[in-house]
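Reproduced below: target_15.cif, with mmCIF, C-alpha atoms and all ligand atoms.
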```cif
data_upload
loop_
_atom_site.label_atom_id
_atom_site.label_comp_id
_atom_site.auth_asym_id
_atom_site.auth_seq_id
_atom_site.Cartn_x
_atom_site.Cartn_y
_atom_site.Cartn_z
CA MET V 885 9.98 -97.64 9.95
CA SER V 886 7.46 -97.34 7.17
CA GLU V 887 3.80 -97.87 8.11
CA ASP V 888 3.59 -100.29 5.24
CA LEU V 889 6.17 -102.76 6.51
CA VAL V 890 4.62 -105.46 8.65
CA LEU V 891 7.78 -107.51 9.03
CA GLU V 892 11.45 -106.57 8.73
CA VAL V 893 14.29 -109.07 8.92
CA GLU V 894 17.79 -107.61 8.88
CA GLY V 895 21.02 -109.58 8.80
CA LEU V 896 19.52 -112.69 10.35
CA ARG V 897 22.02 -115.39 11.25
CA LYS V 898 21.42 -118.60 13.16
CA THR V 899 24.05 -121.15 14.02
CA PHE V 900 23.20 -124.40 15.77
CA HIS V 901 25.74 -126.48 17.66
CA ILE V 902 25.06 -130.18 17.57
CA GLY V 903 26.44 -133.27 19.20
CA PHE V 904 29.14 -133.85 21.74
CA PHE V 905 31.73 -131.91 19.73
CA ARG V 906 29.33 -128.98 19.31
CA LYS V 907 29.65 -129.12 15.53
CA ARG V 908 28.47 -125.89 13.93
CA VAL V 909 25.49 -125.89 11.57
CA GLU V 910 24.93 -122.55 9.90
CA ALA V 911 21.20 -122.78 9.25
CA VAL V 912 20.82 -119.12 8.25
CA ARG V 913 23.94 -117.21 7.23
CA ARG V 914 22.60 -113.89 6.11
CA ALA V 915 18.99 -113.07 5.45
CA SER V 916 17.37 -109.68 5.03
CA PHE V 917 13.92 -109.04 3.63
CA SER V 918 10.75 -107.21 4.48
CA VAL V 919 7.09 -107.97 4.04
CA ARG V 920 4.63 -105.20 3.20
CA ARG V 921 1.12 -104.84 4.50
CA GLY V 922 -1.45 -106.70 2.42
CA GLU V 923 0.87 -108.83 0.34
CA ILE V 924 1.42 -112.55 -0.01
CA PHE V 925 5.12 -113.16 0.43
CA GLY V 926 6.77 -116.48 -0.40
CA LEU V 927 9.88 -117.87 1.24
CA LEU V 928 11.22 -120.56 -1.09
CA GLY V 929 14.16 -122.87 -1.03
CA PRO V 930 15.21 -126.51 -1.13
CA ASN V 931 15.19 -128.78 1.91
CA GLY V 932 17.49 -127.51 4.60
CA ALA V 933 17.77 -124.01 3.11
CA GLY V 934 16.84 -122.37 6.42
CA LYS V 935 13.20 -121.45 5.85
CA THR V 936 11.77 -122.97 9.03
CA THR V 937 14.70 -121.61 11.03
CA THR V 938 13.93 -118.13 9.66
CA ILE V 939 10.25 -118.47 10.55
CA LYS V 940 10.99 -119.75 14.04
CA SER V 941 13.36 -116.82 14.57
CA ILE V 942 10.64 -114.39 13.50
CA LEU V 943 8.28 -115.97 16.02
CA ARG V 944 11.02 -116.07 18.68
CA LEU V 945 10.55 -119.81 19.08
CA ILE V 946 14.32 -119.83 18.74
CA PHE V 947 16.85 -117.06 19.36
CA PRO V 948 18.82 -115.80 16.37
CA SER V 949 22.61 -115.69 16.69
CA GLU V 950 22.61 -112.26 15.06
CA GLY V 951 20.34 -109.81 13.31
CA GLU V 952 17.27 -107.75 13.94
CA ILE V 953 13.63 -108.62 13.44
CA ARG V 954 10.72 -106.19 13.77
CA ILE V 955 7.04 -107.07 13.51
CA PHE V 956 4.53 -104.23 13.34
CA GLY V 957 7.47 -102.02 14.22
CA ARG V 958 8.17 -103.86 17.47
CA PRO V 959 10.98 -106.26 18.30
CA ALA V 960 10.23 -109.95 17.64
CA GLY V 961 8.86 -111.63 20.76
CA ASP V 962 6.79 -108.60 21.74
CA ARG V 963 3.55 -109.85 23.34
CA GLU V 964 1.26 -107.28 21.77
CA ALA V 965 2.66 -107.99 18.31
CA ALA V 966 2.35 -111.76 18.91
CA LYS V 967 -1.44 -111.46 19.36
CA ARG V 968 -1.70 -110.09 15.84
CA ILE V 969 0.10 -113.11 14.31
CA GLY V 970 -1.35 -116.46 13.27
CA TYR V 971 1.16 -119.29 12.88
CA MET V 972 0.83 -122.63 11.21
CA PRO V 973 3.85 -124.79 11.98
CA GLU V 974 5.39 -127.27 9.52
CA ASN V 975 4.40 -130.18 11.75
CA PRO V 976 1.41 -129.06 13.81
CA TYR V 977 1.82 -130.29 17.37
CA VAL V 978 -1.74 -131.17 18.22
CA TYR V 979 -3.27 -133.03 21.09
CA GLN V 980 -4.04 -136.51 19.75
CA TYR V 981 -7.18 -137.14 21.80
CA LEU V 982 -8.96 -133.84 21.22
CA LYS V 983 -11.64 -133.49 18.59
CA PRO V 984 -11.26 -130.56 16.16
CA LEU V 985 -13.64 -128.19 17.97
CA GLU V 986 -12.10 -129.00 21.36
CA PHE V 987 -8.64 -128.36 19.92
CA LEU V 988 -9.68 -125.02 18.39
CA ASP V 989 -11.31 -124.03 21.67
CA LEU V 990 -8.05 -124.70 23.46
CA CYS V 991 -6.10 -122.66 20.90
CA GLY V 992 -8.60 -119.80 21.27
CA ARG V 993 -8.19 -119.88 25.04
CA LEU V 994 -4.41 -119.72 24.68
CA VAL V 995 -4.64 -116.49 22.67
CA GLY V 996 -7.17 -115.04 25.13
CA MET V 997 -10.36 -115.19 23.07
CA PRO V 998 -13.61 -114.92 25.04
CA LEU V 999 -15.86 -118.02 25.13
CA ASP V 1000 -18.57 -116.86 22.69
CA ASP V 1001 -16.03 -115.66 20.24
CA ARG V 1002 -14.11 -118.95 20.48
CA ARG V 1003 -17.22 -121.04 19.88
CA HIS V 1004 -18.39 -119.00 16.95
CA ARG V 1005 -15.00 -118.73 15.25
CA SER V 1006 -14.24 -122.45 15.72
CA GLU V 1007 -17.44 -123.40 13.92
CA VAL V 1008 -16.73 -120.96 11.10
CA MET V 1009 -13.18 -122.25 10.71
CA ILE V 1010 -14.19 -125.92 10.64
CA ASP V 1011 -16.39 -125.17 7.62
CA LYS V 1012 -13.80 -122.95 5.99
CA VAL V 1013 -11.13 -125.65 6.01
CA GLY V 1014 -13.58 -128.43 5.07
CA LEU V 1015 -13.43 -130.52 8.23
CA ARG V 1016 -17.14 -130.60 9.08
CA HIS V 1017 -17.30 -134.31 8.25
CA ALA V 1018 -14.60 -135.06 10.80
CA VAL V 1019 -15.84 -133.15 13.87
CA ASP V 1020 -16.39 -136.36 15.83
CA ARG V 1021 -12.97 -137.82 15.16
CA PRO V 1022 -10.00 -137.34 17.46
CA ILE V 1023 -7.22 -135.39 15.72
CA GLY V 1024 -4.79 -138.25 16.30
CA LYS V 1025 -6.73 -140.21 13.68
CA PHE V 1026 -6.49 -137.47 11.04
CA SER V 1027 -4.72 -137.95 7.71
CA LYS V 1028 -1.79 -135.67 6.77
CA GLY V 1029 -4.02 -133.40 4.69
CA MET V 1030 -6.63 -133.17 7.46
CA MET V 1031 -3.86 -132.28 9.89
CA GLN V 1032 -2.80 -129.45 7.57
CA ARG V 1033 -6.37 -128.20 7.51
CA ILE V 1034 -6.74 -128.15 11.29
CA GLY V 1035 -3.38 -126.35 11.44
CA LEU V 1036 -4.70 -123.69 9.09
CA ALA V 1037 -7.96 -123.34 11.05
CA GLN V 1038 -5.94 -122.83 14.21
CA ALA V 1039 -3.77 -120.14 12.57
CA LEU V 1040 -6.82 -118.23 11.32
CA LEU V 1041 -8.91 -118.62 14.46
CA HIS V 1042 -8.31 -115.22 16.08
CA ASP V 1043 -8.44 -113.43 12.71
CA PRO V 1044 -4.80 -112.27 12.85
CA GLU V 1045 -3.37 -109.45 10.72
CA LEU V 1046 -0.21 -111.37 9.84
CA LEU V 1047 -0.32 -115.03 8.88
CA ILE V 1048 2.88 -117.06 8.93
CA LEU V 1049 2.45 -120.47 7.37
CA ASP V 1050 5.19 -123.08 7.09
CA GLU V 1051 4.40 -125.37 4.13
CA PRO V 1052 0.62 -124.91 4.22
CA MET V 1053 0.12 -126.91 1.01
CA SER V 1054 2.18 -129.96 1.82
CA GLY V 1055 0.23 -133.20 2.05
CA LEU V 1056 -2.80 -131.76 0.28
CA ASP V 1057 -4.34 -133.18 -2.88
CA PRO V 1058 -4.96 -130.81 -5.84
CA ILE V 1059 -8.48 -129.99 -4.63
CA GLY V 1060 -7.19 -129.35 -1.13
CA ARG V 1061 -4.48 -127.08 -2.51
CA LYS V 1062 -7.03 -125.10 -4.50
CA GLU V 1063 -9.18 -124.75 -1.38
CA VAL V 1064 -6.23 -123.57 0.69
CA ARG V 1065 -5.15 -121.17 -2.08
CA ASP V 1066 -8.65 -119.69 -2.06
CA VAL V 1067 -8.57 -119.27 1.72
CA LEU V 1068 -5.22 -117.47 1.47
CA LEU V 1069 -6.41 -115.21 -1.35
CA GLU V 1070 -9.51 -114.37 0.65
CA GLN V 1071 -7.28 -113.35 3.55
CA ARG V 1072 -5.31 -111.04 1.29
CA ALA V 1073 -8.54 -109.56 -0.10
CA ARG V 1074 -9.46 -108.75 3.50
CA GLY V 1075 -6.22 -106.80 3.85
CA LYS V 1076 -4.25 -109.42 5.76
CA THR V 1077 -0.54 -109.99 5.24
CA LEU V 1078 0.77 -113.48 4.51
CA LEU V 1079 4.21 -115.04 4.69
CA PHE V 1080 4.49 -118.66 3.69
CA THR V 1081 7.04 -121.27 2.68
CA SER V 1082 6.41 -123.83 0.00
CA HIS V 1083 8.01 -126.34 -2.30
CA ILE V 1084 5.03 -126.33 -4.62
CA LEU V 1085 6.19 -123.69 -7.03
CA SER V 1086 3.06 -123.61 -9.14
CA ASP V 1087 1.12 -122.59 -6.02
CA VAL V 1088 3.71 -119.97 -5.21
CA GLU V 1089 3.44 -118.58 -8.73
CA LEU V 1090 -0.33 -118.43 -8.47
CA LEU V 1091 -0.38 -116.82 -5.05
CA CYS V 1092 2.64 -114.71 -4.24
CA ASP V 1093 3.17 -111.04 -4.88
CA ARG V 1094 6.83 -111.22 -3.92
CA VAL V 1095 9.25 -114.01 -3.12
CA VAL V 1096 12.73 -114.64 -1.83
CA ILE V 1097 14.64 -117.77 -2.77
CA MET V 1098 16.92 -119.13 -0.08
CA GLN V 1099 19.84 -121.49 -0.66
CA ARG V 1100 22.03 -122.83 2.14
CA GLY V 1101 20.97 -120.08 4.50
CA GLU V 1102 21.40 -117.20 2.07
CA ILE V 1103 18.96 -115.30 -0.07
CA THR V 1104 19.88 -115.73 -3.73
CA SER V 1105 16.91 -114.10 -5.48
CA GLU V 1106 14.36 -111.61 -4.35
CA GLY V 1107 11.58 -109.69 -5.93
CA ASN V 1108 8.21 -109.35 -7.49
CA VAL V 1109 7.21 -112.73 -8.96
CA HIS V 1110 6.25 -111.18 -12.27
CA ASP V 1111 9.59 -109.30 -12.58
CA LEU V 1112 11.64 -112.36 -11.63
CA LEU V 1113 9.96 -114.39 -14.34
CA GLU V 1114 10.25 -111.62 -16.91
CA SER V 1115 13.91 -110.90 -16.19
CA THR V 1116 15.03 -113.54 -18.67
CA GLY V 1117 13.49 -111.61 -21.53
CA HIS V 1118 10.65 -112.33 -23.81
CA ARG V 1119 11.28 -115.53 -25.80
CA VAL V 1120 9.01 -116.92 -28.44
CA GLU V 1121 9.08 -120.12 -30.42
CA ILE V 1122 7.98 -119.61 -34.02
CA ARG V 1123 6.96 -122.50 -36.28
CA LEU V 1124 6.85 -122.02 -40.04
CA SER V 1125 6.05 -124.21 -43.00
CA GLY V 1126 6.78 -123.69 -46.68
CA ALA V 1127 10.16 -122.20 -45.81
CA SER V 1128 12.76 -122.18 -48.56
CA LYS V 1129 16.48 -122.79 -48.04
CA THR V 1130 17.14 -119.08 -48.72
CA LEU V 1131 14.66 -118.06 -46.04
CA ARG V 1132 16.21 -120.52 -43.62
CA ASP V 1133 19.70 -119.09 -44.17
CA SER V 1134 18.43 -115.56 -43.86
CA LEU V 1135 16.64 -116.34 -40.58
CA ALA V 1136 19.56 -118.28 -39.14
CA SER V 1137 21.50 -115.04 -38.78
CA ARG V 1138 18.68 -113.43 -36.78
CA SER V 1139 17.57 -116.16 -34.41
CA ALA V 1140 18.33 -119.64 -33.20
CA ILE V 1141 17.00 -122.46 -35.33
CA VAL V 1142 15.62 -125.17 -33.10
CA GLU V 1143 14.55 -127.62 -35.76
CA ALA V 1144 14.55 -127.67 -39.55
CA GLY V 1145 12.88 -130.24 -41.77
CA ASP V 1146 11.42 -130.53 -45.24
CA GLY V 1147 10.10 -126.97 -45.56
CA TYR V 1148 9.41 -126.86 -41.82
CA LEU V 1149 11.26 -124.53 -39.54
CA THR V 1150 11.14 -123.94 -35.79
CA LEU V 1151 12.93 -120.88 -34.47
CA ARG V 1152 13.47 -119.25 -31.14
CA ALA V 1153 13.38 -115.47 -31.13
CA GLU V 1154 14.31 -113.17 -28.30
CA GLY V 1155 12.54 -109.83 -27.90
CA GLN V 1156 9.58 -108.28 -29.65
CA GLN V 1157 11.71 -106.61 -32.32
CA ALA V 1158 13.28 -109.90 -33.44
CA VAL V 1159 9.87 -111.58 -33.51
CA ASP V 1160 8.40 -108.81 -35.68
CA GLU V 1161 11.31 -108.98 -38.08
CA ILE V 1162 11.15 -112.76 -38.46
CA LEU V 1163 7.43 -112.60 -39.15
CA ARG V 1164 7.93 -109.87 -41.76
CA ILE V 1165 10.73 -111.70 -43.60
CA SER V 1166 8.94 -115.06 -43.52
CA SER V 1167 5.71 -113.63 -44.79
CA ALA V 1168 7.51 -111.80 -47.62
CA ALA V 1169 9.23 -115.08 -48.56
CA GLY V 1170 5.86 -116.85 -48.78
CA ALA V 1171 6.27 -119.06 -45.69
CA ARG V 1172 3.23 -119.87 -43.56
CA LEU V 1173 3.09 -119.23 -39.82
CA ASP V 1174 1.94 -122.44 -38.11
CA ALA V 1175 2.38 -121.45 -34.48
CA MET V 1176 3.83 -118.87 -32.15
CA ILE V 1177 4.42 -120.04 -28.61
CA PRO V 1178 5.65 -117.66 -25.92
CA GLU V 1179 8.27 -119.31 -23.73
CA ARG V 1180 7.74 -118.20 -20.21
CA GLN V 1181 10.31 -118.74 -17.52
CA THR V 1182 8.69 -120.60 -14.66
CA LEU V 1183 9.51 -120.24 -11.02
CA GLU V 1184 10.70 -123.82 -11.22
CA SER V 1185 13.36 -123.05 -13.83
CA LEU V 1186 14.45 -119.98 -11.87
CA PHE V 1187 14.67 -122.10 -8.74
CA LEU V 1188 16.78 -124.75 -10.47
CA GLN V 1189 19.00 -122.10 -12.06
CA ASP V 1190 19.57 -120.56 -8.61
CA ALA V 1191 20.31 -123.95 -7.14
CA GLY V 1192 22.87 -124.66 -9.86
CA ARG V 1193 24.85 -121.55 -9.04
N1 LIG Q 1201 17.42 -127.45 16.22
C1 LIG Q 1201 18.35 -127.67 15.29
N2 LIG Q 1201 19.56 -128.15 15.64
C2 LIG Q 1201 20.54 -128.35 14.73
N3 LIG Q 1201 20.41 -128.10 13.42
C3 LIG Q 1201 19.23 -127.63 13.00
C4 LIG Q 1201 18.14 -127.38 13.90
N4 LIG Q 1201 17.09 -126.89 13.20
C5 LIG Q 1201 17.51 -126.84 11.91
N5 LIG Q 1201 18.78 -127.29 11.80
C6 LIG Q 1201 19.58 -127.35 10.54
O1 LIG Q 1201 19.48 -126.10 9.90
C7 LIG Q 1201 19.37 -126.25 8.50
C8 LIG Q 1201 18.12 -125.53 8.01
O2 LIG Q 1201 16.97 -126.20 8.49
P1 LIG Q 1201 15.50 -125.68 8.25
O3 LIG Q 1201 14.58 -126.58 8.99
O4 LIG Q 1201 15.43 -124.24 8.57
O5 LIG Q 1201 15.34 -125.87 6.67
P2 LIG Q 1201 14.06 -125.69 5.75
O6 LIG Q 1201 14.44 -124.72 4.69
O7 LIG Q 1201 12.86 -125.38 6.57
O8 LIG Q 1201 13.93 -127.14 5.08
P3 LIG Q 1201 12.61 -128.00 4.65
O9 LIG Q 1201 12.25 -127.53 3.29
O10 LIG Q 1201 13.13 -129.39 4.62
O11 LIG Q 1201 11.55 -127.77 5.66
C9 LIG Q 1201 19.39 -127.74 8.25
O12 LIG Q 1201 20.70 -128.10 7.89
C10 LIG Q 1201 19.02 -128.34 9.57
O13 LIG Q 1201 19.61 -129.61 9.75
MG MG Q 1202 11.08 -126.33 6.86
#
```
Show me the file's structure as structure tokens.
Amino acid sequence: MSEDLVLEVEGLRKTFHIGFFRKRVEAVRRASFSVRRGEIFGLLGPNGAGKTTTIKSILRLIFPSEGEIRIFGRPAGDREAAKRIGYMPENPYVYQYLKPLEFLDLCGRLVGMPLDDRRHRSEVMIDKVGLRHAVDRPIGKFSKGMMQRIGLAQALLHDPELLILDEPMSGLDPIGRKEVRDVLLEQRARGKTLLFTSHILSDVELLCDRVVIMQRGEITSEGNVHDLLESTGHRVEIRLSGASKTLRDSLASRSAIVEAGDGYLTLRAEGQQAVDEILRISSAAGARLDAMIPERQTLESLFLQDAGR
């Protein structure tokens, strides 16, 4: 195993049997990926794709039907490896009547943190996740977003090397999402490794170094976020005015015409060479360049394209 791989998932499969007739549900059919030290890795996919099942298998909260998982080079479920992981579940199971600091103290005790350490880290975390105003409230009275924040504080409490977060942004308002993004980026800057699931693709785009997209239990896309978005090629929309009919006909053979009006022309060009050529011809023909807008593929369009397959 490479020193740089913090997590390796190979051929993961998980089948549930439900109901009296033991109907089979193939939650994860075939998933292989690895997470490198120091990166933010996104596990994306629509509802029911198998993300939470994958995460629970990694944490050995459930047993996979097949496949191999190694964390820090050790088999999943290893106690030493577990101490180096922080986990934020999709629905944090918290004790309703505890106040935030009492809850964090309990979590710290469960991972074997000494008293002083627990006290100090709990206070730091409360400020980090912006819950200082709510220290006197029992967690049972928290809003969804506040619950997410206490879940994050709990995951970060023992300063783990690997953070596994299931939907850390859900239920947060835009300010809350920005705050959580900043916390995650700070963790990466400190050399931590992060694996998280999300539906909020703009956050994923802003945060992740690499992603996998999961559909019905299978991985359909994988890679560096930048490469995935670039793979569709470089497309640019070009808007011209003062374009003659001759120019229009000449350009039509080189690019797609999106819209043509009285002297106005909107084109879509693919690749730098085509763009250069269109600009040269238009300028020679006396047309004016009104705008040039790069069309970037978003993670959302990639996601929808994958889903359509
Ligand atoms: N304990 C279980 N028993 C039976 N089926 C289950 C169980 N847990 C998950 N499943 C099924 O496995 C599939 C994948 O579920 P999973 O929770 O992993 O999806 P997900 O990608 O996390 O979805 P979401 O985005 O909604 O959180 C679903 O069809 C779900 O109904
Ligand atoms: Mg889930």
For this session: With a distance cut-off of 6 Å and all atoms listed in the file, select the neighbouring residues of V:Gly922, excluding the residue or stretch itself and same-chain residues fewer than 6 positions from it, and output the selection as a list in words.
Result: Arg1072, Gly1075, Lys1076 and Thr1077 of chain V
Same residues, C-alpha atoms, saved as a tab-separated table (two decimals), keeping the file's coordinate frame:
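Produced file again_8.tsv, reproduced below:
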```
chain	number	residue	atom	x	y	z
V	1072	ARG	CA	-5.31	-111.04	1.29
V	1075	GLY	CA	-6.22	-106.80	3.85
V	1076	LYS	CA	-4.25	-109.42	5.76
V	1077	THR	CA	-0.54	-109.99	5.24
```
Exercise. Hey, which residues come within 7 Å of ligand LIG 1201 (chain Q) if we count only C-alpha atoms and all ligand atoms? Could you give them as a ChimeraX atom specification?
Worked result: /V:900-902,909-912,929-938
Exercise. Hey, what's within 7 Å of V:Leu982 if we count all atoms listed in the file and toss same-chain stuff fewer than 4 positions away? As a PyMOL selection string, please?
Worked result: chain V and resi 986-987+1022-1023
For this session: With only C-alpha atoms counted, which protein, DNA or RNA residues have an atom no more than 9 Å from (15.7, -114.6, 15.5) in the file frame? Please answer as a PyMOL selection string.
Result: chain V and resi 893+896-898+937-953+960
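You will find atom CA of V:Pro976 at 23.9 Å from atom CA of V:Val919.
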Exercise. Once you count all atoms listed in the file, which residues end up no further than 7 Å from (0.3, -121.0, 13.7) in the file's frame, shown as a VMD selection string?
Worked result: chain V and resid 970 to 973 1035 1038 to 1039 1048 to 1049
For this session: Just give me the gap between atom CA of V:Gly1101 and atom CA of V:Leu1046 in Å, one decimal is fine.
Result: 23.5 Å
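Rounded to one decimal, atom CA of V:Gly1107 and atom CA of V:Ala1140 lie 29.8 Å from each other.
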Keeping N, CA and C atoms (and nothing else), can you write stretch 978-1002 of chain V of this structure as a PDB file, in the first residue's frame?
```
ATOM      1  N   VAL V 978     -28.101  12.208  18.844  1.00  0.00           N
ATOM      2  CA  VAL V 978     -27.611  12.903  20.029  1.00  0.00           C
ATOM      3  C   VAL V 978     -28.561  12.681  21.191  1.00  0.00           C
ATOM      4  N   TYR V 979     -28.054  12.944  22.367  1.00  0.00           N
ATOM      5  CA  TYR V 979     -28.875  12.790  23.552  1.00  0.00           C
ATOM      6  C   TYR V 979     -29.649  14.082  23.780  1.00  0.00           C
ATOM      7  N   GLN V 980     -30.940  13.997  23.594  1.00  0.00           N
ATOM      8  CA  GLN V 980     -31.860  15.148  23.637  1.00  0.00           C
ATOM      9  C   GLN V 980     -31.657  16.101  24.801  1.00  0.00           C
ATOM     10  N   TYR V 981     -31.384  15.535  26.011  1.00  0.00           N
ATOM     11  CA  TYR V 981     -31.411  16.384  27.203  1.00  0.00           C
ATOM     12  C   TYR V 981     -30.060  16.988  27.542  1.00  0.00           C
ATOM     13  N   LEU V 982     -29.018  16.578  26.828  1.00  0.00           N
ATOM     14  CA  LEU V 982     -27.693  17.130  27.125  1.00  0.00           C
ATOM     15  C   LEU V 982     -27.528  18.492  26.473  1.00  0.00           C
ATOM     16  N   LYS V 983     -26.770  19.357  27.148  1.00  0.00           N
ATOM     17  CA  LYS V 983     -26.400  20.626  26.542  1.00  0.00           C
ATOM     18  C   LYS V 983     -25.130  20.386  25.714  1.00  0.00           C
ATOM     19  N   PRO V 984     -24.849  21.290  24.758  1.00  0.00           N
ATOM     20  CA  PRO V 984     -23.744  21.025  23.827  1.00  0.00           C
ATOM     21  C   PRO V 984     -22.428  20.624  24.490  1.00  0.00           C
ATOM     22  N   LEU V 985     -22.020  21.327  25.555  1.00  0.00           N
ATOM     23  CA  LEU V 985     -20.726  21.003  26.162  1.00  0.00           C
ATOM     24  C   LEU V 985     -20.762  19.647  26.865  1.00  0.00           C
ATOM     25  N   GLU V 986     -21.932  19.324  27.435  1.00  0.00           N
ATOM     26  CA  GLU V 986     -22.066  18.010  28.097  1.00  0.00           C
ATOM     27  C   GLU V 986     -21.988  16.899  27.045  1.00  0.00           C
ATOM     28  N   PHE V 987     -22.640  17.164  25.898  1.00  0.00           N
ATOM     29  CA  PHE V 987     -22.630  16.171  24.823  1.00  0.00           C
ATOM     30  C   PHE V 987     -21.207  15.953  24.297  1.00  0.00           C
ATOM     31  N   LEU V 988     -20.490  17.064  24.073  1.00  0.00           N
ATOM     32  CA  LEU V 988     -19.118  16.940  23.558  1.00  0.00           C
ATOM     33  C   LEU V 988     -18.230  16.231  24.575  1.00  0.00           C
ATOM     34  N   ASP V 989     -18.455  16.513  25.862  1.00  0.00           N
ATOM     35  CA  ASP V 989     -17.670  15.852  26.898  1.00  0.00           C
ATOM     36  C   ASP V 989     -17.872  14.334  26.840  1.00  0.00           C
ATOM     37  N   LEU V 990     -19.130  13.957  26.648  1.00  0.00           N
ATOM     38  CA  LEU V 990     -19.449  12.530  26.543  1.00  0.00           C
ATOM     39  C   LEU V 990     -18.747  11.908  25.330  1.00  0.00           C
ATOM     40  N   CYS V 991     -18.816  12.615  24.195  1.00  0.00           N
ATOM     41  CA  CYS V 991     -18.155  12.103  22.978  1.00  0.00           C
ATOM     42  C   CYS V 991     -16.659  11.955  23.204  1.00  0.00           C
ATOM     43  N   GLY V 992     -16.058  12.947  23.870  1.00  0.00           N
ATOM     44  CA  GLY V 992     -14.623  12.912  24.158  1.00  0.00           C
ATOM     45  C   GLY V 992     -14.274  11.728  25.034  1.00  0.00           C
ATOM     46  N   ARG V 993     -15.141  11.458  26.017  1.00  0.00           N
ATOM     47  CA  ARG V 993     -14.900  10.320  26.902  1.00  0.00           C
ATOM     48  C   ARG V 993     -14.942   9.015  26.115  1.00  0.00           C
ATOM     49  N   LEU V 994     -15.891   8.933  25.177  1.00  0.00           N
ATOM     50  CA  LEU V 994     -16.039   7.707  24.388  1.00  0.00           C
ATOM     51  C   LEU V 994     -14.813   7.418  23.515  1.00  0.00           C
ATOM     52  N   VAL V 995     -14.110   8.470  23.091  1.00  0.00           N
ATOM     53  CA  VAL V 995     -12.892   8.214  22.299  1.00  0.00           C
ATOM     54  C   VAL V 995     -11.634   8.251  23.171  1.00  0.00           C
ATOM     55  N   GLY V 996     -11.835   8.283  24.509  1.00  0.00           N
ATOM     56  CA  GLY V 996     -10.702   8.164  25.423  1.00  0.00           C
ATOM     57  C   GLY V 996      -9.868   9.421  25.607  1.00  0.00           C
ATOM     58  N   MET V 997     -10.481  10.594  25.454  1.00  0.00           N
ATOM     59  CA  MET V 997      -9.717  11.822  25.679  1.00  0.00           C
ATOM     60  C   MET V 997      -9.641  12.125  27.170  1.00  0.00           C
ATOM     61  N   PRO V 998      -8.479  12.563  27.662  1.00  0.00           N
ATOM     62  CA  PRO V 998      -8.382  12.933  29.071  1.00  0.00           C
ATOM     63  C   PRO V 998      -9.211  14.187  29.376  1.00  0.00           C
ATOM     64  N   LEU V 999      -9.598  14.342  30.649  1.00  0.00           N
ATOM     65  CA  LEU V 999     -10.520  15.402  31.069  1.00  0.00           C
ATOM     66  C   LEU V 999     -10.133  16.807  30.592  1.00  0.00           C
ATOM     67  N   ASP V1000      -8.888  17.215  30.863  1.00  0.00           N
ATOM     68  CA  ASP V1000      -8.468  18.577  30.496  1.00  0.00           C
ATOM     69  C   ASP V1000      -8.586  18.825  29.004  1.00  0.00           C
ATOM     70  N   ASP V1001      -8.140  17.842  28.287  1.00  0.00           N
ATOM     71  CA  ASP V1001      -8.177  17.876  26.840  1.00  0.00           C
ATOM     72  C   ASP V1001      -9.618  18.034  26.341  1.00  0.00           C
ATOM     73  N   ARG V1002     -10.498  17.229  26.924  1.00  0.00           N
ATOM     74  CA  ARG V1002     -11.925  17.237  26.572  1.00  0.00           C
ATOM     75  C   ARG V1002     -12.521  18.609  26.787  1.00  0.00           C
TER      76      ARG V1002
END
```
